[in-house]
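J.: Below you'll find the structure I mean.
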Amino acid sequence: MMDFNSRVWKLLAGVLLLVLGGCVDKFEPDVLNSPQSYLVVDGFINLNGPTTIRLSRTKNKADAPVPVEADATVTIQDEAGAAYPLPEQEAGTYQSAAMSLNPALRYRLRIRTAAGKEYASDLVAARQTPPIDKVTWALTNRGLQVYVSTHDDANATRYYRWRYDETWLFHSAYSSGVEYVDGVMQNRQENIYYCWGNESSTAIQLGSTSRLSQDVVKDFPLRLLESTSVKLGIKYSILVKQYALTAEEFAYWEKLKKNTESLGGLFDPQPTQLTGNVHNQADAAEPVIGYVGAATYTEKRLFIDRTELESIVRFQTGYESCGKPDTVKLADVAFYFSNPNLLPLEGLYAGRTLIGYTSSPGVCVDCRLRGTNVKPDFWP
């Protein structure tokens with residue numbers, strides 16, 4: 001008979017795929033239906049700025065969405081005993097004010113759930129993250145590859161993790177210059193043709209120079225975009241964030257990466273036991289997912305314009321399924337355009353006489369259904 005620890009870690013292997021990534025195969029062992037739910041702590045203690053911690057619970061593979069851990073009390077504590085609160089901003093997300101913490105001290109995270117359970121991370125030494133030297137890109141036979149390079153002259157970092165935020169400008173299939181409001185056709189007041197999409201990384205990106213004589217990372221392959229990606233259509237931006245890790249923290253992320261990316265079918269290697277640094281203060285045997293480190297982080301942004309990518313010829317818009325515009329007669333305007341799923345594009349005229357409007361489904365016209373029409377502050 002399977003012992004408790006084996007069942008627990010088999011369960012975690014499955015549910016972690018949903019919390020931090022996706023499954024590769026359709027193999028779904030019965031153990032995934034276990035009612036057990038474990039705390040997941042996602043975030044790090046930011047020495048220079050606001051700290052954001054997200055609390056959730058593991059879940060069965062078939063369940064959705066991921067349950068958040070709301071109404072908890074979360075604080076940062078330094079080894080001298082000072083505490084810094086992280087108020088809840090939205091359900092399961094806790095954020096401190098911008099802070100400048102002493103890098104000479106060690107820090108931990110304390111959590112008290114609404115149910116009264118208390119958790120704490122181990123005291124960890126603060127890490128100073130070196131700046132990113134450059135973020136570059138190159139076209140390969142697989143698509144557009146983004147690279148990151150960095151170094152530490154003091155040879156003190158050695159272990160790195162990267163995350164990134166992508167933003168891209170795109171436009172809908174058709175431009176609409178008019179809108180039907182309260183029974184009246186008028187000039188459109190808001191742009192719904194150009195929008196910005198946004199997406200954050202989910203893959204675990206790690207690098208180590210521990211076996212090198214110099215603490216130098218050169219052209220680490222961070223992000224591969226297929227040449228057909230809609231993100232490359234007009235203008236694309238990637239903001240790369242770099243974090244310095246301790247050896248223990250790197251080992252945790254390395255195991256987590258293996259567990260979430262290597263587990264696929266029945267005959268794939270089984271995951272290693274995942275042990276973080278967050279513990280239930282009353283029950284040390286309770287599994288808790290997460291490793292809370294303390295560090296500064298550095299970032300660098302890259303822009304890529306479509307005009308730089310002339311060799312990419314398979315570009316897609318994401319609107320390939322949109323057909324040609326239809327025609328709505330003037331007498332039928334109220335009937336058709338009272339439905340928000342059909343939008344007018346422009347007037348149709350016979351000479352100088354308005355006889356109707358061209359139209360297309362909202363999904364082909366309103367770019368806000370795929371992004372936001374609010375220009376980001378950093379966009380040129």
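Going through the structure tokens in order, the chains are called A, B, and so on, while each chain numbers its residues from 1 and the ligands are numbered from 1 in the order shown.
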List the spatial neighbours of Asp42 (chain A) as a PyMOL selection string - criterion: any atom at most 8 Å away, only C-alpha atoms, same-chain residues fewer than 6 positions off excluded.
T.: chain A and resi 53-55+290-292
J.: Env of Ser311 (chain A): 12 Å cut, atoms = only C-alpha atoms, seq-sep filter 4 positions within chain, self excluded. Answer as JSON, numbers by chain.
T.: {"A": [138, 139, 140, 141, 143, 144, 227, 228, 306, 307, 315]}
J.: What does the distance from CA of Leu245 (chain A) to CA of Ser210 (chain A) come to in Å, to one decimal?
T.: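 Value for the CA of Leu245 (chain A)-CA of Ser210 (chain A) distance: 11.8 Å.
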J.: With DSSP run on the backbone, what are the alpha helix (DSSP H) residues within region 128-289 of chain A? I'd like them as an MDAnalysis selection string.
T.: chainID A and resid 247:262
J.: Would you save the residues from that selection as a short mmCIF file (atom, residue, chain, number, x, y, z; two decimals), in the first residue's frame, using N, CA, C and O atoms?
T.:
```
data_model
loop_
_atom_site.label_atom_id
_atom_site.label_comp_id
_atom_site.auth_asym_id
_atom_site.auth_seq_id
_atom_site.Cartn_x
_atom_site.Cartn_y
_atom_site.Cartn_z
N ALA A 247 22.00 29.65 -2.92
CA ALA A 247 22.14 28.29 -3.45
C ALA A 247 20.93 27.44 -3.08
O ALA A 247 20.44 26.64 -3.89
N GLU A 248 20.41 27.63 -1.86
CA GLU A 248 19.25 26.86 -1.40
C GLU A 248 18.00 27.23 -2.19
O GLU A 248 17.20 26.37 -2.56
N GLU A 249 17.83 28.54 -2.44
CA GLU A 249 16.68 28.99 -3.19
C GLU A 249 16.75 28.50 -4.64
O GLU A 249 15.74 28.09 -5.23
N PHE A 250 17.94 28.53 -5.21
CA PHE A 250 18.12 28.03 -6.57
C PHE A 250 17.76 26.55 -6.65
O PHE A 250 17.10 26.10 -7.60
N ALA A 251 18.19 25.77 -5.64
CA ALA A 251 17.89 24.34 -5.63
C ALA A 251 16.39 24.10 -5.57
O ALA A 251 15.86 23.18 -6.22
N TYR A 252 15.68 24.93 -4.80
CA TYR A 252 14.22 24.80 -4.73
C TYR A 252 13.59 25.05 -6.09
O TYR A 252 12.76 24.26 -6.57
N TRP A 253 13.96 26.16 -6.74
CA TRP A 253 13.38 26.49 -8.04
C TRP A 253 13.75 25.46 -9.09
O TRP A 253 12.96 25.17 -10.00
N GLU A 254 14.94 24.90 -8.98
CA GLU A 254 15.37 23.88 -9.93
C GLU A 254 14.50 22.62 -9.80
O GLU A 254 14.08 22.03 -10.80
N LYS A 255 14.20 22.23 -8.56
CA LYS A 255 13.32 21.09 -8.34
C LYS A 255 11.91 21.39 -8.84
O LYS A 255 11.25 20.54 -9.45
N LEU A 256 11.44 22.59 -8.55
CA LEU A 256 10.10 22.97 -8.99
C LEU A 256 10.01 22.97 -10.51
O LEU A 256 9.01 22.53 -11.09
N LYS A 257 11.05 23.46 -11.16
CA LYS A 257 11.08 23.46 -12.63
C LYS A 257 11.01 22.03 -13.16
O LYS A 257 10.26 21.74 -14.10
N LYS A 258 11.77 21.14 -12.54
CA LYS A 258 11.76 19.74 -12.97
C LYS A 258 10.39 19.12 -12.76
O LYS A 258 9.88 18.41 -13.63
N ASN A 259 9.78 19.39 -11.62
CA ASN A 259 8.47 18.80 -11.31
C ASN A 259 7.38 19.29 -12.25
O ASN A 259 6.49 18.52 -12.61
N THR A 260 7.42 20.55 -12.62
CA THR A 260 6.34 21.13 -13.42
C THR A 260 6.55 20.96 -14.91
O THR A 260 5.59 21.02 -15.67
N GLU A 261 7.78 20.74 -15.35
CA GLU A 261 8.05 20.66 -16.77
C GLU A 261 8.39 19.25 -17.26
O GLU A 261 8.18 18.93 -18.42
N SER A 262 8.92 18.39 -16.38
CA SER A 262 9.36 17.07 -16.81
C SER A 262 8.27 16.02 -16.68
O SER A 262 8.28 15.03 -17.39
#
```
J.: List the spatial neighbours of Pro287 (chain A) as a list in words - criterion: any atom at most 8 Å away, only C-alpha atoms, same-chain residues fewer than 4 positions off excluded.
T.: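 Counting only the stated atoms, we get Tyr38, Leu39, Thr275 and His279 of chain A.
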J.: Write the residues of the preceding selection, restricted to N, CA and C atoms, as a PDB file, in the first residue's frame.
T.:
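Ended up saving to again_13.pdb:
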```
ATOM      1  N   TYR A  38      -3.161  22.339   0.000  1.00  0.00           N
ATOM      2  CA  TYR A  38      -1.990  22.859   0.686  1.00  0.00           C
ATOM      3  C   TYR A  38      -1.736  24.313   0.317  1.00  0.00           C
ATOM      4  N   LEU A  39      -1.164  25.044   1.256  1.00  0.00           N
ATOM      5  CA  LEU A  39      -0.890  26.463   1.046  1.00  0.00           C
ATOM      6  C   LEU A  39       0.221  26.648   0.020  1.00  0.00           C
ATOM      7  N   THR A 275      10.745  20.663  -1.176  1.00  0.00           N
ATOM      8  CA  THR A 275      10.785  21.222   0.171  1.00  0.00           C
ATOM      9  C   THR A 275      11.184  22.681   0.095  1.00  0.00           C
ATOM     10  N   HIS A 279       6.847  27.038   6.651  1.00  0.00           N
ATOM     11  CA  HIS A 279       6.412  25.929   7.502  1.00  0.00           C
ATOM     12  C   HIS A 279       5.197  26.319   8.345  1.00  0.00           C
TER      13      HIS A 279
END
```
J.: Can you tell me which residues surround region 81-89 of chain A at a distance of at most 9 Å, considering only C-alpha atoms, apart from same-chain residues fewer than 3 positions away, and format the answer as an MDAnalysis selection string?
T.: chainID A and resid 51:53 70:78 92:97
J.: Under the rule that only C-alpha atoms are counted, which of A:Ala120, A:Ala295, A:Leu206, A:Leu345 is the nearest residue to Met185 (chain A)?
T.: A:Leu345
J.: Can you work out which one of A:Trp162, A:Tyr119, A:Tyr174, A:Tyr243 has the shortest atom-to-atom distance to Asn280 (chain A), counting only C-alpha atoms?
T.: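 Among A:Trp162, A:Tyr119, A:Tyr174, A:Tyr243, it is A:Tyr119 that comes nearest to Asn280 (chain A).
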